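Peer 1: The structure file target16.pdb (PDB, C-alpha atoms and all ligand atoms) is provided below.
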ATOM      1  CA  MET A   1      93.489-123.768 -91.177  1.00  0.00           C
ATOM      2  CA  ARG A   2      92.639-124.044 -87.510  1.00  0.00           C
ATOM      3  CA  GLY A   3      89.100-124.054 -86.263  1.00  0.00           C
ATOM      4  CA  LYS A   4      86.424-125.778 -84.252  1.00  0.00           C
ATOM      5  CA  ILE A   5      83.842-128.251 -85.316  1.00  0.00           C
ATOM      6  CA  TYR A   6      81.033-129.279 -83.015  1.00  0.00           C
ATOM      7  CA  ILE A   7      80.289-132.972 -82.818  1.00  0.00           C
ATOM      8  CA  ASN A   8      77.243-134.157 -80.900  1.00  0.00           C
ATOM      9  CA  GLY A   9      77.368-130.830 -79.084  1.00  0.00           C
ATOM     10  CA  LEU A  10      81.058-131.037 -78.131  1.00  0.00           C
ATOM     11  CA  PRO A  11      83.652-128.702 -79.656  1.00  0.00           C
ATOM     12  CA  ALA A  12      86.746-130.216 -81.259  1.00  0.00           C
ATOM     13  CA  GLU A  13      89.792-128.195 -82.336  1.00  0.00           C
ATOM     14  CA  VAL A  14      90.969-129.173 -85.792  1.00  0.00           C
ATOM     15  CA  ASP A  15      94.059-128.210 -87.751  1.00  0.00           C
ATOM     16  CA  LEU A  16      93.273-128.788 -91.401  1.00  0.00           C
ATOM     17  CA  GLN A  17      95.891-128.784 -94.137  1.00  0.00           C
ATOM     18  CA  GLY A  18      93.528-128.430 -97.060  1.00  0.00           C
ATOM     19  CA  GLY A  19      91.676-131.291 -98.627  1.00  0.00           C
ATOM     20  CA  GLU A  20      90.806-133.514 -95.660  1.00  0.00           C
ATOM     21  CA  LEU A  21      87.435-135.172 -95.845  1.00  0.00           C
ATOM     22  CA  LEU A  22      85.003-134.796 -92.979  1.00  0.00           C
ATOM     23  CA  LEU A  23      84.787-138.602 -92.779  1.00  0.00           C
ATOM     24  CA  ASP A  24      88.526-138.936 -92.106  1.00  0.00           C
ATOM     25  CA  VAL A  25      88.613-136.089 -89.591  1.00  0.00           C
ATOM     26  CA  LEU A  26      85.678-137.521 -87.622  1.00  0.00           C
ATOM     27  CA  ARG A  27      87.187-140.997 -87.514  1.00  0.00           C
ATOM     28  CA  ALA A  28      90.606-139.616 -86.517  1.00  0.00           C
ATOM     29  CA  LEU A  29      88.878-137.797 -83.648  1.00  0.00           C
ATOM     30  CA  GLY A  30      87.468-141.140 -82.473  1.00  0.00           C
ATOM     31  CA  TYR A  31      83.971-140.937 -83.962  1.00  0.00           C
ATOM     32  CA  THR A  32      84.345-144.373 -85.501  1.00  0.00           C
ATOM     33  CA  GLU A  33      80.582-144.882 -85.531  1.00  0.00           C
ATOM     34  CA  VAL A  34      80.866-142.929 -88.808  1.00  0.00           C
ATOM     35  CA  LYS A  35      81.721-145.846 -91.081  1.00  0.00           C
ATOM     36  CA  GLU A  36      84.037-145.788 -94.047  1.00  0.00           C
ATOM     37  CA  GLY A  37      82.605-147.707 -96.972  1.00  0.00           C
ATOM     38  CA  CYS A  38      82.892-146.770-100.632  1.00  0.00           C
ATOM     39  CA  ARG A  39      84.315-143.225-100.213  1.00  0.00           C
ATOM     40  CA  GLU A  40      82.385-142.398-103.377  1.00  0.00           C
ATOM     41  CA  GLY A  41      79.052-141.178-102.034  1.00  0.00           C
ATOM     42  CA  ALA A  42      77.335-144.410-102.986  1.00  0.00           C
ATOM     43  CA  CYS A  43      76.812-146.489 -99.813  1.00  0.00           C
ATOM     44  CA  GLY A  44      75.529-144.165 -97.067  1.00  0.00           C
ATOM     45  CA  SER A  45      77.657-145.743 -94.354  1.00  0.00           C
ATOM     46  CA  CYS A  46      79.402-142.416 -93.623  1.00  0.00           C
ATOM     47  CA  LEU A  47      76.222-140.337 -93.209  1.00  0.00           C
ATOM     48  CA  VAL A  48      76.115-137.595 -90.601  1.00  0.00           C
ATOM     49  CA  LEU A  49      73.859-134.610 -90.052  1.00  0.00           C
ATOM     50  CA  LEU A  50      75.572-131.296 -90.807  1.00  0.00           C
ATOM     51  CA  ASP A  51      73.505-128.505 -89.272  1.00  0.00           C
ATOM     52  CA  GLY A  52      70.635-130.992 -89.353  1.00  0.00           C
ATOM     53  CA  VAL A  53      71.046-131.902 -93.028  1.00  0.00           C
ATOM     54  CA  LEU A  54      71.966-135.429 -94.048  1.00  0.00           C
ATOM     55  CA  VAL A  55      75.334-135.596 -95.857  1.00  0.00           C
ATOM     56  CA  ASN A  56      77.747-138.309 -96.889  1.00  0.00           C
ATOM     57  CA  SER A  57      80.802-137.247 -94.908  1.00  0.00           C
ATOM     58  CA  CYS A  58      83.113-138.770 -97.558  1.00  0.00           C
ATOM     59  CA  GLN A  59      81.837-136.110 -99.950  1.00  0.00           C
ATOM     60  CA  VAL A  60      82.296-133.104 -97.646  1.00  0.00           C
ATOM     61  CA  LEU A  61      85.524-131.205 -97.030  1.00  0.00           C
ATOM     62  CA  ALA A  62      86.202-130.936 -93.319  1.00  0.00           C
ATOM     63  CA  ALA A  63      87.010-127.239 -93.776  1.00  0.00           C
ATOM     64  CA  SER A  64      83.403-126.598 -94.750  1.00  0.00           C
ATOM     65  CA  ALA A  65      82.244-127.998 -91.403  1.00  0.00           C
ATOM     66  CA  VAL A  66      84.183-125.482 -89.305  1.00  0.00           C
ATOM     67  CA  ASP A  67      81.894-123.659 -86.858  1.00  0.00           C
ATOM     68  CA  ARG A  68      79.041-125.997 -87.753  1.00  0.00           C
ATOM     69  CA  GLN A  69      77.171-128.715 -85.864  1.00  0.00           C
ATOM     70  CA  ILE A  70      77.669-132.361 -86.748  1.00  0.00           C
ATOM     71  CA  THR A  71      75.502-135.154 -85.401  1.00  0.00           C
ATOM     72  CA  THR A  72      76.576-138.779 -85.599  1.00  0.00           C
ATOM     73  CA  VAL A  73      74.367-141.711 -84.668  1.00  0.00           C
ATOM     74  CA  LYS A  74      75.712-141.512 -81.108  1.00  0.00           C
ATOM     75  CA  GLY A  75      74.318-138.000 -80.885  1.00  0.00           C
ATOM     76  CA  LEU A  76      70.769-139.336 -81.246  1.00  0.00           C
ATOM     77  CA  GLY A  77      70.842-141.666 -78.263  1.00  0.00           C
ATOM     78  CA  THR A  78      73.042-143.806 -76.086  1.00  0.00           C
ATOM     79  CA  ILE A  79      72.999-147.469 -75.176  1.00  0.00           C
ATOM     80  CA  HIS A  80      71.238-146.555 -71.922  1.00  0.00           C
ATOM     81  CA  GLU A  81      68.910-144.011 -73.494  1.00  0.00           C
ATOM     82  CA  PRO A  82      68.424-145.079 -77.088  1.00  0.00           C
ATOM     83  CA  HIS A  83      66.493-142.993 -79.556  1.00  0.00           C
ATOM     84  CA  PRO A  84      63.217-144.719 -80.564  1.00  0.00           C
ATOM     85  CA  ILE A  85      64.695-145.420 -84.003  1.00  0.00           C
ATOM     86  CA  GLN A  86      67.711-147.135 -82.453  1.00  0.00           C
ATOM     87  CA  GLN A  87      65.426-149.154 -80.180  1.00  0.00           C
ATOM     88  CA  ALA A  88      63.195-150.153 -83.094  1.00  0.00           C
ATOM     89  CA  PHE A  89      66.222-151.411 -85.066  1.00  0.00           C
ATOM     90  CA  VAL A  90      67.127-153.641 -82.126  1.00  0.00           C
ATOM     91  CA  ASP A  91      63.557-154.813 -81.517  1.00  0.00           C
ATOM     92  CA  THR A  92      62.919-155.803 -85.136  1.00  0.00           C
ATOM     93  CA  GLY A  93      66.274-157.538 -85.660  1.00  0.00           C
ATOM     94  CA  ALA A  94      67.284-154.936 -88.259  1.00  0.00           C
ATOM     95  CA  VAL A  95      70.918-155.023 -87.109  1.00  0.00           C
ATOM     96  CA  GLN A  96      73.139-157.864 -88.255  1.00  0.00           C
ATOM     97  CA  CYS A  97      76.795-156.947 -88.771  1.00  0.00           C
ATOM     98  CA  GLY A  98      75.854-153.353 -87.930  1.00  0.00           C
ATOM     99  CA  PHE A  99      78.106-151.684 -90.481  1.00  0.00           C
ATOM    100  CA  CYS A 100      75.252-149.955 -92.306  1.00  0.00           C
ATOM    101  CA  THR A 101      73.244-149.248 -89.145  1.00  0.00           C
ATOM    102  CA  PRO A 102      74.552-145.770 -88.206  1.00  0.00           C
ATOM    103  CA  GLY A 103      73.840-144.470 -91.701  1.00  0.00           C
ATOM    104  CA  MET A 104      70.454-146.201 -91.870  1.00  0.00           C
ATOM    105  CA  ILE A 105      69.397-144.732 -88.532  1.00  0.00           C
ATOM    106  CA  LEU A 106      70.459-141.218 -89.511  1.00  0.00           C
ATOM    107  CA  ALA A 107      68.645-141.525 -92.864  1.00  0.00           C
ATOM    108  CA  ALA A 108      65.528-142.752 -91.015  1.00  0.00           C
ATOM    109  CA  PHE A 109      65.843-139.902 -88.501  1.00  0.00           C
ATOM    110  CA  SER A 110      66.033-137.358 -91.291  1.00  0.00           C
ATOM    111  CA  LEU A 111      62.981-138.905 -92.997  1.00  0.00           C
ATOM    112  CA  LEU A 112      60.833-139.018 -89.848  1.00  0.00           C
ATOM    113  CA  LYS A 113      61.688-135.431 -89.013  1.00  0.00           C
ATOM    114  CA  LYS A 114      60.235-134.320 -92.344  1.00  0.00           C
ATOM    115  CA  ASN A 115      57.563-136.978 -92.660  1.00  0.00           C
ATOM    116  CA  PRO A 116      56.464-138.600 -89.380  1.00  0.00           C
ATOM    117  CA  HIS A 117      54.045-141.001 -91.112  1.00  0.00           C
ATOM    118  CA  PRO A 118      55.853-142.303 -94.186  1.00  0.00           C
ATOM    119  CA  GLU A 119      54.398-144.882 -96.546  1.00  0.00           C
ATOM    120  CA  GLN A 120      56.484-147.967 -97.323  1.00  0.00           C
ATOM    121  CA  GLN A 121      57.545-146.455-100.679  1.00  0.00           C
ATOM    122  CA  GLU A 122      58.659-143.265 -98.982  1.00  0.00           C
ATOM    123  CA  ILE A 123      60.788-145.245 -96.529  1.00  0.00           C
ATOM    124  CA  ARG A 124      62.338-147.165 -99.405  1.00  0.00           C
ATOM    125  CA  ARG A 125      63.103-143.945-101.237  1.00  0.00           C
ATOM    126  CA  ALA A 126      64.620-142.325 -98.137  1.00  0.00           C
ATOM    127  CA  LEU A 127      66.937-145.301 -97.635  1.00  0.00           C
ATOM    128  CA  ASP A 128      67.782-145.582-101.301  1.00  0.00           C
ATOM    129  CA  GLY A 129      71.332-144.278-100.813  1.00  0.00           C
ATOM    130  CA  ASN A 130      72.112-146.745 -98.002  1.00  0.00           C
ATOM    131  CA  LEU A 131      73.498-150.159 -98.819  1.00  0.00           C
ATOM    132  CA  CYS A 132      73.101-153.181 -96.547  1.00  0.00           C
ATOM    133  CA  ARG A 133      74.743-156.474 -97.384  1.00  0.00           C
ATOM    134  CA  CYS A 134      73.127-158.493 -94.594  1.00  0.00           C
ATOM    135  CA  THR A 135      69.453-157.899 -93.925  1.00  0.00           C
ATOM    136  CA  GLY A 136      67.728-157.781 -97.296  1.00  0.00           C
ATOM    137  CA  TYR A 137      66.211-154.457 -96.102  1.00  0.00           C
ATOM    138  CA  VAL A 138      62.875-155.972 -94.966  1.00  0.00           C
ATOM    139  CA  LYS A 139      63.613-155.689 -91.262  1.00  0.00           C
ATOM    140  CA  ILE A 140      65.127-152.245 -91.699  1.00  0.00           C
ATOM    141  CA  ILE A 141      61.908-150.991 -93.281  1.00  0.00           C
ATOM    142  CA  GLU A 142      59.915-152.668 -90.486  1.00  0.00           C
ATOM    143  CA  ALA A 143      62.139-150.887 -87.958  1.00  0.00           C
ATOM    144  CA  VAL A 144      61.468-147.475 -89.482  1.00  0.00           C
ATOM    145  CA  LYS A 145      57.701-148.160 -89.489  1.00  0.00           C
ATOM    146  CA  LEU A 146      57.808-149.273 -85.869  1.00  0.00           C
ATOM    147  CA  ALA A 147      59.826-146.211 -84.863  1.00  0.00           C
ATOM    148  CA  ALA A 148      57.334-143.951 -86.654  1.00  0.00           C
ATOM    149  CA  GLU A 149      54.417-145.585 -84.777  1.00  0.00           C
ATOM    150  CA  ARG A 150      56.158-145.324 -81.429  1.00  0.00           C
ATOM    151  CA  MET A 151      57.221-141.726 -81.995  1.00  0.00           C
ATOM    152  CA  ALA A 152      53.686-140.791 -83.058  1.00  0.00           C
ATOM    153  CA  SER A 153      52.159-142.395 -79.969  1.00  0.00           C
ATOM    154  CA  ASP A 154      54.740-140.681 -77.726  1.00  0.00           C
ATOM    155  CA  GLY A 155      53.625-137.370 -79.265  1.00  0.00           C
TER     156      GLY A 155
HETATM  157  S1  LIG B   1      81.736-144.080 -97.573  1.00  0.00           S
HETATM  158 FE1  LIG B   1      80.625-142.276 -97.963  1.00  0.00          FE
HETATM  159  S2  LIG B   1      78.933-142.912 -99.171  1.00  0.00           S
HETATM  160 FE2  LIG B   1      80.139-144.700 -98.967  1.00  0.00          FE
HETATM  161  S1  LIG B   2      73.576-155.142 -91.150  1.00  0.00           S
HETATM  162 FE1  LIG B   2      75.423-155.694 -92.206  1.00  0.00          FE
HETATM  163  S2  LIG B   2      75.555-154.270 -93.835  1.00  0.00           S
HETATM  164 FE2  LIG B   2      73.607-153.911 -92.967  1.00  0.00          FE
END
Render the structure in this file as structure tokens.

Peer 2:
Amino acid sequence: MRGKIYINGLPAEVDLQGGELLLDVLRALGYTEVKEGCREGACGSCLVLLDGVLVNSCQVLAASAVDRQITTVKGLGTIHEPHPIQQAFVDTGAVQCGFCTPGMILAAFSLLKKNPHPEQQEIRRALDGNLCRCTGYVKIIEAVKLAAERMASDG
């Protein structure tokens, strides 16, 4: 099956044989910010937004993404123009090895879109499907709170 998927606003031609996972197709196209962890839907490192909805890309067939919009963490902001969530992760020291960070940031983005003023428990729940082996989660939760404050004050 040939078709186009749209990644961070850019079209990519894909030739799919059948059962390829979206995770593998994205990484083969060079979107290696989408991390490969468990491949079982349990770690959140492969999260992307598919038409704005958070999905574990290891659990999605690439064929189902044809003609749809995918956003990876690089679609939110760049190193020169970071999204406030990305900046807050840096400012609070919430990034150590960085493997979990793309998924964490996308999960936080999805939360703040629905709930711009989350309570601590709501942040914890939203990040429940994301594993981090380095930070102990405290700084990650601080980062999401800081991003929420900054985004609220920026209007
Ligand atoms: S690699 Fe997809 S959830 Fe772990
Ligand atoms: S910063 Fe290393 S896994 Fe989270």

Peer 1: Would you please work out which residue, of A:Gln121, A:Ser110, A:Arg150, A:Phe99, is nearest to ligand LIG 2 (chain B) when using only C-alpha atoms and all ligand atoms?

Peer 2: A:Phe99

Peer 1: For Val53 in chain A, work out the shell of residues within 12 Å, counting all atoms listed in the file and skipping chain neighbours fewer than 5 positions away, then give it as a list in words.

Peer 2: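 Once the adjacent positions are removed, what remains is Leu47, Val48, Ala65, Arg68, Gln69, Ile70, Thr71, Thr72, Leu106, Ala107, Phe109, Ser110, Leu111, Lys113 and Lys114 of chain A.
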
Peer 1: Just the selected residues (C-alpha atoms), exported as a PDB file, in the coordinates of the input, please.

Peer 2:
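What ended up in selection.pdb:
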ATOM      1  CA  LEU A  47      76.222-140.337 -93.209  1.00  0.00           C
ATOM      2  CA  VAL A  48      76.115-137.595 -90.601  1.00  0.00           C
ATOM      3  CA  ALA A  65      82.244-127.998 -91.403  1.00  0.00           C
ATOM      4  CA  ARG A  68      79.041-125.997 -87.753  1.00  0.00           C
ATOM      5  CA  GLN A  69      77.171-128.715 -85.864  1.00  0.00           C
ATOM      6  CA  ILE A  70      77.669-132.361 -86.748  1.00  0.00           C
ATOM      7  CA  THR A  71      75.502-135.154 -85.401  1.00  0.00           C
ATOM      8  CA  THR A  72      76.576-138.779 -85.599  1.00  0.00           C
ATOM      9  CA  LEU A 106      70.459-141.218 -89.511  1.00  0.00           C
ATOM     10  CA  ALA A 107      68.645-141.525 -92.864  1.00  0.00           C
ATOM     11  CA  PHE A 109      65.843-139.902 -88.501  1.00  0.00           C
ATOM     12  CA  SER A 110      66.033-137.358 -91.291  1.00  0.00           C
ATOM     13  CA  LEU A 111      62.981-138.905 -92.997  1.00  0.00           C
ATOM     14  CA  LYS A 113      61.688-135.431 -89.013  1.00  0.00           C
ATOM     15  CA  LYS A 114      60.235-134.320 -92.344  1.00  0.00           C
TER      16      LYS A 114
END

Peer 1: Go through A:Ser64, A:Asn130, A:Thr78, A:Gln87 and flag the residue nearest ligand LIG 1 (chain B), using only C-alpha atoms and all ligand atoms for the distances.

Peer 2: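 Looking at the shortest contact to ligand LIG 1 (chain B), the residue is A:Asn130.
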
Peer 1: Write out as a Markdown table a residue-level contact list of chain A versus ligand LIG 2 (chain B) with cut-off 7 Å: for each qualifying residue the closest pair of atoms and the distance in Å to one decimal, counting all atoms listed in the file, rows sorted by chain and residue number upward.

Peer 2:
| residue | atom | partner | partner_atom | distance |
| --- | --- | --- | --- | --- |
| A:Ala94 | CA | B:LIG2 | S1 | 6.9 |
| A:Val95 | CA | B:LIG2 | S1 | 4.8 |
| A:Gln96 | CA | B:LIG2 | S1 | 4.0 |
| A:Cys97 | CA | B:LIG2 | FE1 | 3.9 |
| A:Gly98 | CA | B:LIG2 | S1 | 4.3 |
| A:Phe99 | CA | B:LIG2 | S2 | 4.9 |
| A:Cys100 | CA | B:LIG2 | FE2 | 4.3 |
| A:Thr101 | CA | B:LIG2 | FE2 | 6.0 |
| A:Leu131 | CA | B:LIG2 | S2 | 6.8 |
| A:Cys132 | CA | B:LIG2 | FE2 | 3.7 |
| A:Arg133 | CA | B:LIG2 | S2 | 4.3 |
| A:Cys134 | CA | B:LIG2 | FE1 | 4.3 |
| A:Thr135 | CA | B:LIG2 | S1 | 5.7 |

Peer 1: Given a cut-off of 12 Å, what residues near ligand LIG 1 (chain B) show up using all atoms listed in the file, put as a VMD selection string?

Peer 2: chain A and resid 21 to 24 27 34 to 48 54 to 60 99 to 100 102 to 104 128 to 132

Peer 1: So the first atom is CA of Ala148 in chain A and the second is CA of Arg124 in chain A; what is the distance between them in Å, to one decimal place?

Peer 2: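 According to the coordinates, CA of Ala148 in chain A and CA of Arg124 in chain A are separated by 14.1 Å.
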
Peer 1: Hey, can you check how far CA of Val66 in chain A sits from CA of Lys4 in chain A?

Peer 2: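 Interatomic distance here is 5.5 Å.
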
Peer 1: How many Å lie between CA of Gly75 in chain A and CA of Gly9 in chain A, rounded to one decimal?

Peer 2: 8.0 Å

Peer 1: Axis-aligned box over every listed atom of range 49-58 of chain A, padded by 3 Å per side: centre and edges in Å to one decimal, as AutoDock Vina command-line options?

Peer 2:
--center_x 76.9 --center_y -133.6 --center_z -93.4 --size_x 18.5 --size_y 16.3 --size_z 14.3

Peer 1: If the PyMOL selection byres (((chain A and resi 145) around 12) and not hetatm) were run on this exact file, what residues would it hold? Put them as JSON, numbers by chain.

Peer 2: {"A": [84, 85, 88, 89, 91, 92, 94, 108, 109, 111, 112, 115, 116, 117, 118, 119, 120, 121, 122, 123, 124, 138, 139, 140, 141, 142, 143, 144, 146, 147, 148, 149, 150, 151, 152]}

Peer 1: Pick from A:Asp67, A:Gly52, A:Ala62, A:Thr32: nearest to Pro11 in chain A, with all atoms listed in the file counted?

Peer 2: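 The shortest atom-to-atom distance to Pro11 in chain A comes from A:Asp67.
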
Peer 1: Could you tell me which of A:Ala28, A:Leu16, A:Gly93, A:Glu81 comes closest to Gly136 in chain A if we count only C-alpha atoms?

Peer 2: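 Smallest separation from Gly136 in chain A among the options: A:Gly93.
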
Peer 1: Translate the PyMOL selection byres (((chain A and resi 13) around 8) and not hetatm), as applied to the file shown, into an explicit residue set as a PyMOL selection string.

Peer 2: chain A and resi 2-5+11-12+14-15

Peer 1: Using all atoms listed in the file, which of the listed residues (A:Leu10, A:Met1, A:Val73, A:Leu50) sits closest to Leu29 in chain A?

Peer 2: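 Counting all atoms listed in the file, the residue closest to Leu29 in chain A is A:Leu10.
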
Peer 1: Add whatever atoms are absent from range 109-119 of chain A to reach all heavy atoms, and provide the output as an mmCIF file, in the coordinates of the input.

Peer 2:
data_model
loop_
_atom_site.group_PDB
_atom_site.id
_atom_site.type_symbol
_atom_site.label_atom_id
_atom_site.label_comp_id
_atom_site.auth_asym_id
_atom_site.auth_seq_id
_atom_site.Cartn_x
_atom_site.Cartn_y
_atom_site.Cartn_z
ATOM 1 N N PHE A 109 66.096 -141.075 -89.355
ATOM 2 C CA PHE A 109 65.843 -139.902 -88.501
ATOM 3 C C PHE A 109 65.486 -138.694 -89.367
ATOM 4 O O PHE A 109 64.528 -137.965 -89.086
ATOM 5 C CB PHE A 109 67.098 -139.624 -87.666
ATOM 6 C CG PHE A 109 67.001 -138.403 -86.804
ATOM 7 C CD1 PHE A 109 66.383 -138.467 -85.564
ATOM 8 C CD2 PHE A 109 67.528 -137.192 -87.227
ATOM 9 C CE1 PHE A 109 66.293 -137.337 -84.756
ATOM 10 C CE2 PHE A 109 67.438 -136.060 -86.430
ATOM 11 C CZ PHE A 109 66.820 -136.135 -85.192
ATOM 12 N N SER A 110 66.259 -138.500 -90.409
ATOM 13 C CA SER A 110 66.033 -137.358 -91.291
ATOM 14 C C SER A 110 64.661 -137.475 -91.974
ATOM 15 O O SER A 110 63.922 -136.494 -92.089
ATOM 16 C CB SER A 110 67.170 -137.338 -92.321
ATOM 17 O OG SER A 110 67.048 -136.274 -93.173
ATOM 18 N N LEU A 111 64.303 -138.683 -92.384
ATOM 19 C CA LEU A 111 62.981 -138.905 -92.997
ATOM 20 C C LEU A 111 61.866 -138.578 -92.004
ATOM 21 O O LEU A 111 60.938 -137.830 -92.330
ATOM 22 C CB LEU A 111 62.859 -140.373 -93.450
ATOM 23 C CG LEU A 111 61.434 -140.814 -93.825
ATOM 24 C CD1 LEU A 111 60.978 -140.122 -95.098
ATOM 25 C CD2 LEU A 111 61.352 -142.331 -93.983
ATOM 26 N N LEU A 112 61.942 -139.161 -90.808
ATOM 27 C CA LEU A 112 60.833 -139.018 -89.848
ATOM 28 C C LEU A 112 60.695 -137.585 -89.336
ATOM 29 O O LEU A 112 59.612 -137.191 -88.909
ATOM 30 C CB LEU A 112 60.997 -140.006 -88.683
ATOM 31 C CG LEU A 112 60.921 -141.490 -89.088
ATOM 32 C CD1 LEU A 112 61.023 -142.393 -87.860
ATOM 33 C CD2 LEU A 112 59.667 -141.815 -89.875
ATOM 34 N N LYS A 113 61.784 -136.841 -89.391
ATOM 35 C CA LYS A 113 61.688 -135.431 -89.013
ATOM 36 C C LYS A 113 60.816 -134.673 -90.032
ATOM 37 O O LYS A 113 60.004 -133.839 -89.673
ATOM 38 C CB LYS A 113 63.095 -134.825 -88.976
ATOM 39 C CG LYS A 113 63.232 -133.699 -87.978
ATOM 40 C CD LYS A 113 64.666 -133.363 -87.669
ATOM 41 C CE LYS A 113 65.397 -132.969 -88.936
ATOM 42 N NZ LYS A 113 66.627 -132.249 -88.748
ATOM 43 N N LYS A 114 61.000 -135.021 -91.294
ATOM 44 C CA LYS A 114 60.235 -134.320 -92.344
ATOM 45 C C LYS A 114 58.859 -134.936 -92.544
ATOM 46 O O LYS A 114 57.904 -134.259 -92.901
ATOM 47 C CB LYS A 114 60.989 -134.418 -93.690
ATOM 48 C CG LYS A 114 62.232 -133.553 -93.740
ATOM 49 C CD LYS A 114 62.952 -133.678 -95.069
ATOM 50 C CE LYS A 114 63.953 -134.797 -95.007
ATOM 51 N NZ LYS A 114 64.906 -134.997 -96.008
ATOM 52 N N ASN A 115 58.782 -136.240 -92.338
ATOM 53 C CA ASN A 115 57.563 -136.978 -92.660
ATOM 54 C C ASN A 115 57.342 -138.040 -91.574
ATOM 55 O O ASN A 115 57.823 -139.161 -91.682
ATOM 56 C CB ASN A 115 57.739 -137.626 -94.049
ATOM 57 C CG ASN A 115 56.547 -138.463 -94.443
ATOM 58 O OD1 ASN A 115 55.564 -138.548 -93.713
ATOM 59 N ND2 ASN A 115 56.628 -139.078 -95.604
ATOM 60 N N PRO A 116 56.604 -137.677 -90.521
ATOM 61 C CA PRO A 116 56.464 -138.600 -89.380
ATOM 62 C C PRO A 116 55.633 -139.846 -89.680
ATOM 63 O O PRO A 116 55.693 -140.808 -88.921
ATOM 64 C CB PRO A 116 55.750 -137.743 -88.317
ATOM 65 C CG PRO A 116 55.790 -136.339 -88.808
ATOM 66 C CD PRO A 116 55.970 -136.377 -90.287
ATOM 67 N N HIS A 117 54.886 -139.838 -90.787
ATOM 68 C CA HIS A 117 54.045 -141.001 -91.112
ATOM 69 C C HIS A 117 54.312 -141.479 -92.544
ATOM 70 O O HIS A 117 53.435 -141.430 -93.396
ATOM 71 C CB HIS A 117 52.559 -140.642 -90.958
ATOM 72 C CG HIS A 117 52.222 -140.074 -89.620
ATOM 73 N ND1 HIS A 117 52.187 -140.843 -88.467
ATOM 74 C CD2 HIS A 117 51.948 -138.811 -89.235
ATOM 75 C CE1 HIS A 117 51.902 -140.072 -87.437
ATOM 76 N NE2 HIS A 117 51.752 -138.839 -87.861
ATOM 77 N N PRO A 118 55.524 -141.952 -92.801
ATOM 78 C CA PRO A 118 55.853 -142.303 -94.186
ATOM 79 C C PRO A 118 55.187 -143.603 -94.638
ATOM 80 O O PRO A 118 55.003 -144.531 -93.848
ATOM 81 C CB PRO A 118 57.373 -142.465 -94.156
ATOM 82 C CG PRO A 118 57.680 -142.847 -92.747
ATOM 83 C CD PRO A 118 56.651 -142.193 -91.891
ATOM 84 N N GLU A 119 54.845 -143.636 -95.911
ATOM 85 C CA GLU A 119 54.398 -144.882 -96.546
ATOM 86 C C GLU A 119 55.636 -145.738 -96.813
ATOM 87 O O GLU A 119 56.757 -145.221 -96.869
ATOM 88 C CB GLU A 119 53.746 -144.574 -97.905
ATOM 89 C CG GLU A 119 52.536 -143.653 -97.853
ATOM 90 C CD GLU A 119 51.346 -144.327 -97.200
ATOM 91 O OE1 GLU A 119 51.278 -145.568 -97.250
ATOM 92 O OE2 GLU A 119 50.516 -143.609 -96.620
#
